[in-house]
file target_25.txt (compact mmCIF, C-alpha atoms)
# COMPACT_ATOMS: atom_id res chain seq x y z
CA MET A 1 14.63 -73.14 54.46
CA GLY A 2 11.99 -75.79 54.09
CA ASP A 3 11.08 -77.38 50.82
CA VAL A 4 12.65 -75.32 48.01
CA ARG A 5 12.53 -76.65 44.46
CA VAL A 6 14.30 -75.23 41.46
CA ARG A 7 13.02 -75.76 37.96
CA LYS A 8 13.83 -74.44 34.53
CA ALA A 9 11.47 -71.62 33.59
CA GLY A 10 9.43 -71.74 30.42
CA LEU A 11 7.49 -69.27 28.32
CA ALA A 12 4.52 -69.42 30.72
CA ASP A 13 6.80 -68.06 33.45
CA ALA A 14 7.75 -64.89 31.54
CA GLY A 15 5.61 -62.66 33.77
CA THR A 16 7.11 -64.04 36.98
CA VAL A 17 10.64 -63.78 35.62
CA THR A 18 10.00 -60.21 34.46
CA GLY A 19 8.62 -59.28 37.88
CA PHE A 20 11.70 -60.61 39.63
CA VAL A 21 14.11 -58.90 37.24
CA ALA A 22 12.19 -55.63 37.57
CA ALA A 23 12.38 -55.92 41.38
CA LEU A 24 16.14 -56.56 41.16
CA LEU A 25 16.70 -53.55 38.91
CA SER A 26 14.55 -51.37 41.15
CA GLU A 27 16.61 -52.38 44.19
CA LEU A 28 19.92 -51.83 42.43
CA SER A 29 18.87 -48.45 41.05
CA ALA A 30 17.08 -47.21 44.18
CA GLY A 31 13.78 -47.23 42.30
CA GLN A 32 15.12 -45.42 39.24
CA ASN A 33 14.65 -48.26 36.72
CA ASP A 34 12.76 -46.65 33.84
CA THR A 35 12.51 -49.66 31.50
CA PRO A 36 8.80 -50.22 30.81
CA ARG A 37 7.56 -53.54 32.19
CA ALA A 38 5.90 -54.36 28.84
CA VAL A 39 9.25 -54.06 27.07
CA MET A 40 10.92 -56.29 29.65
CA LEU A 41 8.11 -58.83 29.31
CA ALA A 42 8.48 -58.93 25.52
CA VAL A 43 12.22 -59.57 25.87
CA ALA A 44 11.62 -62.27 28.49
CA GLU A 45 9.07 -63.98 26.22
CA SER A 46 11.47 -63.87 23.31
CA LEU A 47 14.36 -65.30 25.33
CA LEU A 48 12.26 -67.97 27.03
CA SER A 49 10.84 -69.15 23.71
CA GLY A 50 14.35 -69.79 22.34
CA ASP A 51 16.23 -73.06 22.21
CA GLY A 52 17.31 -72.89 25.87
CA GLN A 53 20.94 -73.48 24.93
CA SER A 54 22.40 -69.99 25.14
CA TYR A 55 19.93 -68.49 27.67
CA THR A 56 18.45 -70.37 30.63
CA VAL A 57 16.30 -69.28 33.56
CA PHE A 58 15.80 -71.12 36.83
CA LEU A 59 12.97 -70.41 39.26
CA ALA A 60 13.07 -71.33 42.94
CA GLU A 61 9.69 -72.17 44.47
CA ASP A 62 8.44 -73.22 47.86
CA GLY A 63 6.53 -76.47 48.45
CA ALA A 64 3.28 -74.80 47.41
CA GLY A 65 4.75 -73.60 44.11
CA ARG A 66 5.11 -69.97 45.22
CA PRO A 67 8.03 -68.31 43.40
CA LEU A 68 10.87 -67.28 45.71
CA GLY A 69 13.65 -66.31 43.34
CA VAL A 70 15.19 -66.41 39.90
CA ALA A 71 18.56 -66.95 38.27
CA THR A 72 19.12 -66.13 34.61
CA LEU A 73 22.23 -67.21 32.79
CA SER A 74 23.73 -67.09 29.36
CA GLU A 75 26.42 -69.05 27.61
CA GLY A 76 29.46 -67.39 26.12
CA VAL A 77 32.67 -68.51 24.48
CA CYS A 78 36.20 -67.19 24.47
CA ILE A 79 39.76 -68.37 24.21
CA SER A 80 40.76 -67.40 27.76
CA THR A 81 38.12 -69.75 29.22
CA LEU A 82 39.13 -72.46 26.74
CA GLY A 83 35.69 -72.54 25.17
CA ARG A 84 32.22 -72.30 26.60
CA PHE A 85 31.37 -70.72 29.96
CA GLY A 86 28.30 -69.38 31.71
CA THR A 87 27.45 -65.98 33.12
CA ILE A 88 24.79 -65.37 35.74
CA ARG A 89 22.97 -62.32 34.39
CA GLU A 90 20.40 -61.79 37.13
CA LEU A 91 19.93 -63.43 40.51
CA TYR A 92 17.11 -62.28 42.74
CA VAL A 93 15.46 -63.69 45.86
CA ILE A 94 12.40 -62.09 47.42
CA PRO A 95 13.38 -60.17 50.58
CA GLU A 96 11.49 -62.41 53.01
CA SER A 97 13.35 -65.50 51.69
CA ARG A 98 16.87 -64.05 51.79
CA SER A 99 19.35 -65.69 54.16
CA ALA A 100 17.18 -68.82 54.01
CA GLY A 101 19.18 -70.82 51.47
CA VAL A 102 17.19 -69.93 48.34
CA GLY A 103 20.13 -68.20 46.68
CA ARG A 104 22.36 -71.18 47.42
CA VAL A 105 19.84 -73.57 45.84
CA LEU A 106 19.69 -71.36 42.72
CA ILE A 107 23.50 -71.21 42.51
CA ARG A 108 23.72 -74.99 42.77
CA ALA A 109 21.21 -75.35 39.91
CA VAL A 110 23.30 -72.96 37.80
CA LEU A 111 26.54 -74.82 38.55
CA ASP A 112 24.94 -78.21 37.83
CA HIS A 113 23.66 -76.83 34.52
CA GLY A 114 27.16 -75.62 33.68
CA ARG A 115 28.69 -78.99 34.45
CA ARG A 116 26.12 -80.77 32.28
CA HIS A 117 26.97 -78.40 29.41
CA ARG A 118 30.71 -78.83 29.99
CA TRP A 119 31.35 -75.17 30.73
CA SER A 120 34.80 -74.35 32.05
CA ARG A 121 33.43 -71.87 34.59
CA VAL A 122 30.52 -69.67 35.66
CA GLU A 123 30.99 -65.93 36.12
CA VAL A 124 28.79 -63.33 37.78
CA GLY A 125 28.90 -59.55 37.75
CA ALA A 126 28.26 -58.63 41.37
CA PRO A 127 27.02 -55.15 42.23
CA SER A 128 29.38 -52.65 43.84
CA ALA A 129 30.87 -54.11 47.02
CA GLY A 130 30.66 -50.69 48.65
CA ASP A 131 26.91 -50.50 48.09
CA TRP A 132 26.07 -54.21 48.25
CA PRO A 133 28.60 -55.96 50.55
CA ASP A 134 26.19 -58.79 51.38
CA SER A 135 25.97 -59.74 47.69
CA LEU A 136 29.74 -59.99 47.33
CA ARG A 137 29.99 -62.00 50.57
CA PHE A 138 27.27 -64.35 49.33
CA TYR A 139 29.04 -65.11 46.05
CA LYS A 140 32.39 -65.58 47.78
CA ARG A 141 30.78 -67.90 50.34
CA GLU A 142 29.44 -69.94 47.41
CA GLY A 143 32.97 -70.34 46.03
CA PHE A 144 33.21 -67.51 43.50
CA THR A 145 36.47 -65.56 43.31
CA GLU A 146 36.98 -61.98 42.19
CA ILE A 147 38.32 -61.53 38.66
CA GLY A 148 38.03 -57.76 38.42
CA PRO A 149 35.38 -55.17 37.78
CA ARG A 150 32.97 -55.45 34.91
CA LEU A 151 32.27 -52.35 32.81
CA LYS A 152 29.64 -51.49 30.21
CA PHE A 153 29.23 -49.16 27.28
CA ARG A 154 25.60 -48.46 26.40
CA LEU A 155 25.07 -48.65 22.63
CA ALA A 156 21.42 -47.67 22.52
call {"tool": "encode", "arguments": {"input": "target_25.txt", "output": "structure tokens"}}
result
Amino acid sequence: MGDVRVRKAGLADAGTVTGFVAALLSELSAGQNDTPRAVMLAVAESLLSGDGQSYTVFLAEDGAGRPLGVATLSEGVCISTLGRFGTIRELYVIPESRSAGVGRVLIRAVLDHGRRHRWSRVEVGAPSAGDWPDSLRFYKREGFTEIGPRLKFRLA
């Protein structure tokens, strides 16, 4: 890929970030994502207006400043990781820029951020390998190792 820059997103980028996350959820759910865009935007604005310590968003852009992808991450703590660690919450690259190195550039920005914040590791919850084998291959190619499935329990 040509000139790809990654920068930390700010409050003014909330609409772009929301659009990318909505596109990711739509892909993963085969178009069945029913979360209203306005609700997602309000959450994005709230998170992006925070201190930037526990939640960070990176945007990849081409040389003209056109957004190509997003990576959102949060910081967590636990004994088993010996303190602080990061989790990639969403990673999305527009279809026409996939397999062009944009995802790799976003991952490198995330890992550099983690090193600067002295995280012990970065985790990611990849989608089902059966449904999304390319995603699992991508993360493994970038050096991630499997640590088991991630589960959820919806509270609301």
call {"tool": "closest_residue", "arguments": {"input": "target_25.txt", "among": "A:Ala23, A:Gly2, A:Phe58, A:Ser120", "to": "A:Gly83", "atoms": "only C-alpha atoms"}}
result
A:Ser120
call {"tool": "residues_around", "arguments": {"input": "target_25.txt", "residues": "A:Val77", "least_positions_apart": "6", "cutoff": "12 Å", "atoms": "only C-alpha atoms", "output": "PyMOL selection string"}}
result
chain A and resi 54+83-87+118-122
call {"tool": "residues_around", "arguments": {"input": "target_25.txt", "residues": "stretch 92-108 of chain A", "least_positions_apart": "5", "cutoff": "8 Å", "atoms": "only C-alpha atoms", "output": "number ranges by chain"}}
result
A: 1, 4, 6, 20-21, 24, 58-60, 68-71, 142
call {"tool": "residues_around", "arguments": {"input": "target_25.txt", "residues": "A:Phe144", "least_positions_apart": "5", "cutoff": "12 Å", "atoms": "all atoms listed in the file", "output": "number ranges by chain"}}
result
A: 87-88, 107, 111, 121-126, 135-139
call {"tool": "atom_distance", "arguments": {"input": "target_25.txt", "atom1": "atom CA of A:Thr56", "atom2": "atom CA of A:Ser74"}}
result
6.3 Å
